[in-house]
Amino acid sequence: MYNESEILPPLEALPQIPIVTSVACSFILAVVYVGSLYVWDTKYNRDHPTTIKRRFASVSVVMLFAPFFVYFYSSPELLQREPFPKLLGFRLPGLWQATVIPYLLTALLYLGPIFVNMQNESFRSYFDLDFWRGSFSNIIWIRNHVMAPLSEEFVFRACMMPLILQSFTPLTAVFITPLFFGVAHLHHIAERLSMGMELSTSLLIGLFQFTYTTLFGFYSAYLFARTGHVIAPLLAHALCNYMGLPDVQDLWQQDQWKRVVAIILYLVGFAGWIYLLPIATEPSLYQNRLYWNV
């Protein structure tokens, strides 16, 4: 047995910055991120390759200047004490743990849907090289599973969380930053209206999407604060985008015994995820002595 205090340096509290500073920076980042999606004058919808490529370019620009908010508005004491990449969640200690453990934890949450997918022919395509070649040549697939998780986690976690954590406790920060993340997805309401959807339907879908993205935001922010690595929420985000919401219709089309097994696995996966969440994200596993001090 070893004494953790003999291996890791003593924990120091994060230097504080004014609440108005961290919240204002986070609000500006959220507005600029969403605004960058609409700077282009285009007649195409959001799924057209031209629209997607232009949005790739604009959010890439946002990703380039977002770290400057952290650099210029963080406490000078913190910047002197810690390497700047570490504040953004880029560091080597605990990297392989942050890459593997949170991803498996997230997969556990999808234990039921994974079992249902295994009953379908489409599951075999995951082991088909042509499937992955086709996916990585599909710009919509790249947007949903690569660029969206990468840009959103970098801006909303790697660049917002370090600021919010300098004004609030880790638990409070976990519940604040997802609100910016959820609100940032409300722009889809306008996109649906432009496609001819009724206002009431669009608002209902928008409310559901806000709730879903905010709940995921809690989880993603928790992973970042607990592990101190941006790779943890990034991979979890990509997996959640890939799996999507559980397909209830597909579940009920299964044979009765498979349906019973699937429902049990849904419950076991959810219960296991709740039980293992604090254990699998224990900061000492990731040598994280920066952000989680509760």
# chains A, B, ... in the order shown; residues from 1 in each chain; ligands from 1

call {"tool": "residues_around", "arguments": {"residues": "range 64-67 of chain A", "least_positions_apart": "2", "cutoff": "12 Å", "atoms": "only C-alpha atoms", "output": "ChimeraX atom specification"}}
result
/A:25-33,57-62,69-74,84-89,151-163

call {"tool": "write_last_selection", "arguments": {"atoms": "C-alpha atoms", "output": "PDB file, in the first residue's frame"}}
result
ATOM      1  CA  CYS A  25     -16.375  34.927 -20.828  1.00  0.00           C
ATOM      2  CA  SER A  26     -18.396  31.707 -20.955  1.00  0.00           C
ATOM      3  CA  PHE A  27     -21.448  33.545 -22.282  1.00  0.00           C
ATOM      4  CA  ILE A  28     -19.374  35.244 -25.001  1.00  0.00           C
ATOM      5  CA  LEU A  29     -17.785  31.936 -26.000  1.00  0.00           C
ATOM      6  CA  ALA A  30     -21.215  30.293 -26.293  1.00  0.00           C
ATOM      7  CA  VAL A  31     -22.623  33.171 -28.378  1.00  0.00           C
ATOM      8  CA  VAL A  32     -19.573  33.294 -30.648  1.00  0.00           C
ATOM      9  CA  TYR A  33     -19.608  29.516 -31.145  1.00  0.00           C
ATOM     10  CA  ALA A  57     -14.074  26.448 -41.031  1.00  0.00           C
ATOM     11  CA  SER A  58     -15.887  28.904 -38.760  1.00  0.00           C
ATOM     12  CA  VAL A  59     -15.882  26.725 -35.628  1.00  0.00           C
ATOM     13  CA  SER A  60     -12.203  25.986 -36.252  1.00  0.00           C
ATOM     14  CA  VAL A  61     -11.545  29.712 -36.021  1.00  0.00           C
ATOM     15  CA  VAL A  62     -13.498  29.830 -32.757  1.00  0.00           C
ATOM     16  CA  PHE A  69     -10.043  33.782 -23.000  1.00  0.00           C
ATOM     17  CA  VAL A  70      -8.476  31.309 -20.564  1.00  0.00           C
ATOM     18  CA  TYR A  71      -5.036  32.845 -20.952  1.00  0.00           C
ATOM     19  CA  PHE A  72      -6.036  36.501 -20.543  1.00  0.00           C
ATOM     20  CA  TYR A  73      -8.761  36.145 -17.907  1.00  0.00           C
ATOM     21  CA  SER A  74      -7.366  33.406 -15.657  1.00  0.00           C
ATOM     22  CA  PHE A  84      -1.201  26.410 -19.774  1.00  0.00           C
ATOM     23  CA  PRO A  85      -2.013  23.182 -21.713  1.00  0.00           C
ATOM     24  CA  LYS A  86      -2.778  21.499 -18.384  1.00  0.00           C
ATOM     25  CA  LEU A  87      -5.503  24.072 -17.684  1.00  0.00           C
ATOM     26  CA  LEU A  88      -7.159  23.058 -20.950  1.00  0.00           C
ATOM     27  CA  GLY A  89      -7.005  19.353 -20.124  1.00  0.00           C
ATOM     28  CA  SER A 151     -15.222  21.563 -31.198  1.00  0.00           C
ATOM     29  CA  GLU A 152     -17.923  21.522 -28.521  1.00  0.00           C
ATOM     30  CA  GLU A 153     -15.799  19.805 -25.896  1.00  0.00           C
ATOM     31  CA  PHE A 154     -12.841  22.061 -26.610  1.00  0.00           C
ATOM     32  CA  VAL A 155     -14.867  25.285 -26.356  1.00  0.00           C
ATOM     33  CA  PHE A 156     -17.444  24.341 -23.712  1.00  0.00           C
ATOM     34  CA  ARG A 157     -15.234  22.171 -21.516  1.00  0.00           C
ATOM     35  CA  ALA A 158     -11.534  22.868 -22.149  1.00  0.00           C
ATOM     36  CA  CYS A 159     -12.001  26.653 -22.399  1.00  0.00           C
ATOM     37  CA  MET A 160     -15.055  27.347 -20.218  1.00  0.00           C
ATOM     38  CA  MET A 161     -14.484  25.006 -17.292  1.00  0.00           C
ATOM     39  CA  PRO A 162     -11.048  26.398 -16.309  1.00  0.00           C
ATOM     40  CA  LEU A 163     -12.628  29.860 -15.961  1.00  0.00           C
TER      41      LEU A 163
END

call {"tool": "residues_around", "arguments": {"residues": "range 266-275 of chain A", "least_positions_apart": "4", "cutoff": "9 Å", "atoms": "only C-alpha atoms", "output": "list in words"}}
result
Leu105, Thr106, Ala107, Leu108, Leu109, Tyr110, Leu111, Gly112, Pro113, Val261, Ala262 and Ile279 of chain A

call {"tool": "select_by_dssp", "arguments": {"residues": "range 54-177 of chain A", "states": "helix (DSSP H, G or I)", "output": "VMD selection string"}}
result
chain A and resid 54 to 73 76 to 81 84 to 87 95 to 109 111 to 118 121 to 127 129 to 136 139 to 159 161 to 164 170 to 177

call {"tool": "residues_around", "arguments": {"residues": "Gly217 in chain A", "least_positions_apart": "5", "cutoff": "10 Å", "atoms": "only C-alpha atoms", "output": "PyMOL selection string"}}
result
chain A and resi 153+156-157+174-182+211-212+222-223+233+237

call {"tool": "write_last_selection", "arguments": {"atoms": "all heavy atoms", "output": "compact mmCIF listing (two decimals), in the first residue's frame"}}
result
# COMPACT_ATOMS: atom_id res chain seq x y z
N GLU A 153 -16.51 20.11 -27.14
CA GLU A 153 -15.80 19.81 -25.90
C GLU A 153 -14.62 20.75 -25.68
O GLU A 153 -14.31 21.12 -24.55
CB GLU A 153 -15.33 18.35 -25.90
CG GLU A 153 -16.45 17.33 -25.83
CD GLU A 153 -17.42 17.59 -24.68
OE1 GLU A 153 -16.94 17.90 -23.56
OE2 GLU A 153 -18.64 17.51 -24.91
N PHE A 156 -16.56 24.32 -24.87
CA PHE A 156 -17.44 24.34 -23.71
C PHE A 156 -16.84 23.66 -22.48
O PHE A 156 -17.30 23.90 -21.37
CB PHE A 156 -18.78 23.68 -24.06
CG PHE A 156 -19.63 24.52 -24.96
CD1 PHE A 156 -19.51 24.41 -26.34
CD2 PHE A 156 -20.54 25.42 -24.45
CE1 PHE A 156 -20.28 25.20 -27.19
CE2 PHE A 156 -21.32 26.20 -25.29
CZ PHE A 156 -21.19 26.09 -26.66
N ARG A 157 -15.87 22.81 -22.67
CA ARG A 157 -15.23 22.17 -21.52
C ARG A 157 -13.81 22.69 -21.32
O ARG A 157 -13.49 23.25 -20.28
CB ARG A 157 -15.23 20.65 -21.68
CG ARG A 157 -16.06 19.95 -20.65
CD ARG A 157 -17.54 20.32 -20.72
NE ARG A 157 -18.19 19.83 -21.92
CZ ARG A 157 -19.47 20.06 -22.22
NH1 ARG A 157 -20.23 20.78 -21.41
NH2 ARG A 157 -20.00 19.58 -23.32
N VAL A 174 -19.84 22.23 -12.38
CA VAL A 174 -20.40 21.12 -13.17
C VAL A 174 -21.85 21.42 -13.55
O VAL A 174 -22.31 21.01 -14.62
CB VAL A 174 -20.28 19.80 -12.39
CG1 VAL A 174 -21.20 18.72 -12.97
CG2 VAL A 174 -18.84 19.33 -12.37
N PHE A 175 -22.57 22.14 -12.68
CA PHE A 175 -23.97 22.43 -12.97
C PHE A 175 -24.17 23.75 -13.71
O PHE A 175 -25.26 24.01 -14.21
CB PHE A 175 -24.77 22.46 -11.66
CG PHE A 175 -25.08 21.10 -11.12
CD1 PHE A 175 -24.26 20.51 -10.17
CD2 PHE A 175 -26.16 20.37 -11.58
CE1 PHE A 175 -24.52 19.25 -9.68
CE2 PHE A 175 -26.43 19.10 -11.10
CZ PHE A 175 -25.61 18.53 -10.15
N ILE A 176 -23.13 24.58 -13.80
CA ILE A 176 -23.27 25.87 -14.47
C ILE A 176 -22.93 25.77 -15.95
O ILE A 176 -23.72 26.20 -16.81
CB ILE A 176 -22.38 26.94 -13.80
CG1 ILE A 176 -22.95 27.30 -12.43
CG2 ILE A 176 -22.28 28.19 -14.67
CD1 ILE A 176 -22.09 28.29 -11.67
N THR A 177 -21.78 25.22 -16.29
CA THR A 177 -21.35 25.21 -17.70
C THR A 177 -22.29 24.46 -18.63
O THR A 177 -22.44 24.88 -19.79
CB THR A 177 -19.92 24.64 -17.82
OG1 THR A 177 -19.85 23.37 -17.16
CG2 THR A 177 -18.91 25.58 -17.20
N PRO A 178 -22.96 23.38 -18.19
CA PRO A 178 -23.88 22.71 -19.12
C PRO A 178 -25.06 23.59 -19.54
O PRO A 178 -25.66 23.34 -20.59
CB PRO A 178 -24.38 21.50 -18.31
CG PRO A 178 -23.29 21.25 -17.33
CD PRO A 178 -22.78 22.60 -16.95
N LEU A 179 -25.39 24.61 -18.76
CA LEU A 179 -26.47 25.51 -19.16
C LEU A 179 -26.10 26.27 -20.42
O LEU A 179 -26.92 26.46 -21.31
CB LEU A 179 -26.80 26.48 -18.01
CG LEU A 179 -27.29 25.82 -16.71
CD1 LEU A 179 -27.52 26.87 -15.64
CD2 LEU A 179 -28.57 25.02 -16.96
N PHE A 180 -24.84 26.71 -20.51
CA PHE A 180 -24.37 27.35 -21.74
C PHE A 180 -24.42 26.36 -22.90
O PHE A 180 -24.78 26.71 -24.02
CB PHE A 180 -22.94 27.86 -21.56
CG PHE A 180 -22.79 28.95 -20.54
CD1 PHE A 180 -22.24 28.70 -19.29
CD2 PHE A 180 -23.20 30.24 -20.83
CE1 PHE A 180 -22.10 29.71 -18.36
CE2 PHE A 180 -23.07 31.26 -19.90
CZ PHE A 180 -22.51 30.99 -18.66
N PHE A 181 -24.05 25.12 -22.61
CA PHE A 181 -24.03 24.07 -23.63
C PHE A 181 -25.44 23.77 -24.13
O PHE A 181 -25.67 23.64 -25.33
CB PHE A 181 -23.40 22.81 -23.02
CG PHE A 181 -23.23 21.67 -23.99
CD1 PHE A 181 -22.37 21.78 -25.07
CD2 PHE A 181 -23.91 20.48 -23.82
CE1 PHE A 181 -22.20 20.71 -25.96
CE2 PHE A 181 -23.76 19.42 -24.68
CZ PHE A 181 -22.90 19.54 -25.77
N GLY A 182 -26.39 23.68 -23.21
CA GLY A 182 -27.77 23.40 -23.60
C GLY A 182 -28.39 24.53 -24.39
O GLY A 182 -29.03 24.31 -25.43
N THR A 211 -33.02 19.83 -22.77
CA THR A 211 -32.93 18.99 -21.57
C THR A 211 -31.89 17.89 -21.76
O THR A 211 -31.05 17.66 -20.87
CB THR A 211 -34.31 18.34 -21.28
OG1 THR A 211 -35.29 19.37 -21.13
CG2 THR A 211 -34.25 17.51 -20.00
N TYR A 212 -31.92 17.24 -22.92
CA TYR A 212 -30.99 16.14 -23.18
C TYR A 212 -29.54 16.63 -23.22
O TYR A 212 -28.65 16.03 -22.60
CB TYR A 212 -31.36 15.47 -24.51
CG TYR A 212 -30.41 14.39 -24.95
CD1 TYR A 212 -30.40 13.15 -24.33
CD2 TYR A 212 -29.51 14.60 -26.01
CE1 TYR A 212 -29.53 12.14 -24.72
CE2 TYR A 212 -28.64 13.60 -26.41
CZ TYR A 212 -28.65 12.38 -25.76
OH TYR A 212 -27.77 11.40 -26.15
N TYR A 222 -18.52 16.94 -15.55
CA TYR A 222 -18.08 16.13 -14.42
C TYR A 222 -16.83 15.33 -14.79
O TYR A 222 -15.87 15.26 -14.02
CB TYR A 222 -19.22 15.19 -14.01
CG TYR A 222 -18.95 14.35 -12.78
CD1 TYR A 222 -19.13 14.87 -11.50
CD2 TYR A 222 -18.57 13.01 -12.90
CE1 TYR A 222 -18.92 14.09 -10.38
CE2 TYR A 222 -18.35 12.22 -11.78
CZ TYR A 222 -18.54 12.77 -10.52
OH TYR A 222 -18.31 11.99 -9.40
N LEU A 223 -16.83 14.75 -15.99
CA LEU A 223 -15.67 13.99 -16.45
C LEU A 223 -14.44 14.90 -16.56
O LEU A 223 -13.34 14.51 -16.17
CB LEU A 223 -15.95 13.34 -17.81
CG LEU A 223 -16.93 12.17 -17.84
CD1 LEU A 223 -17.11 11.67 -19.27
CD2 LEU A 223 -16.46 11.04 -16.94
N PRO A 233 -14.25 13.62 -21.76
CA PRO A 233 -15.57 14.02 -22.27
C PRO A 233 -15.67 13.99 -23.79
O PRO A 233 -16.75 13.75 -24.33
CB PRO A 233 -15.74 15.45 -21.73
CG PRO A 233 -14.37 15.93 -21.47
CD PRO A 233 -13.59 14.72 -21.04
N HIS A 237 -18.59 12.02 -25.57
CA HIS A 237 -19.48 12.78 -26.44
C HIS A 237 -19.64 12.08 -27.79
O HIS A 237 -20.75 11.94 -28.32
CB HIS A 237 -18.91 14.19 -26.63
CG HIS A 237 -19.85 15.16 -27.27
ND1 HIS A 237 -19.77 16.52 -27.08
CD2 HIS A 237 -20.90 14.98 -28.12
CE1 HIS A 237 -20.71 17.12 -27.77
NE2 HIS A 237 -21.42 16.20 -28.42

call {"tool": "closest_residue", "arguments": {"among": "A:Arg133, A:His145, A:Arg91, A:Arg124", "to": "Leu239 in chain A", "atoms": "only C-alpha atoms"}}
result
A:His145

call {"tool": "closest_residue", "arguments": {"among": "A:Ser167, A:Gln80, A:Gln119, A:Ser75", "to": "Val23 in chain A", "atoms": "only C-alpha atoms"}}
result
A:Ser167

call {"tool": "atom_distance", "arguments": {"atom1": "CA of Ala221 in chain A", "atom2": "CA of Ile114 in chain A"}}
result
24.5 Å

call {"tool": "atom_distance", "arguments": {"atom1": "CA of Ala148 in chain A", "atom2": "CA of Arg289 in chain A"}}
result
28.7 Å

call {"tool": "closest_residue", "arguments": {"among": "A:Leu290, A:Leu234, A:Leu285, A:Leu204", "to": "Pro15 in chain A", "atoms": "only C-alpha atoms"}}
result
A:Leu290

call {"tool": "closest_residue", "arguments": {"among": "A:Leu95, A:Ile140, A:Ile164, A:Leu37", "to": "Val20 in chain A", "atoms": "only C-alpha atoms"}}
result
A:Ile164

call {"tool": "closest_residue", "arguments": {"among": "A:Tyr103, A:Phe90, A:Phe127, A:Tyr38", "to": "Ala280 in chain A", "atoms": "only C-alpha atoms"}}
result
A:Tyr103

call {"tool": "residues_around", "arguments": {"residues": "range 134-139 of chain A", "least_positions_apart": "4", "cutoff": "8 Å", "atoms": "only C-alpha atoms", "output": "ChimeraX atom specification"}}
result
/A:49,52,130,143

call {"tool": "atom_distance", "arguments": {"atom1": "CA of Ile142 in chain A", "atom2": "CA of Ala238 in chain A"}}
result
10.3 Å
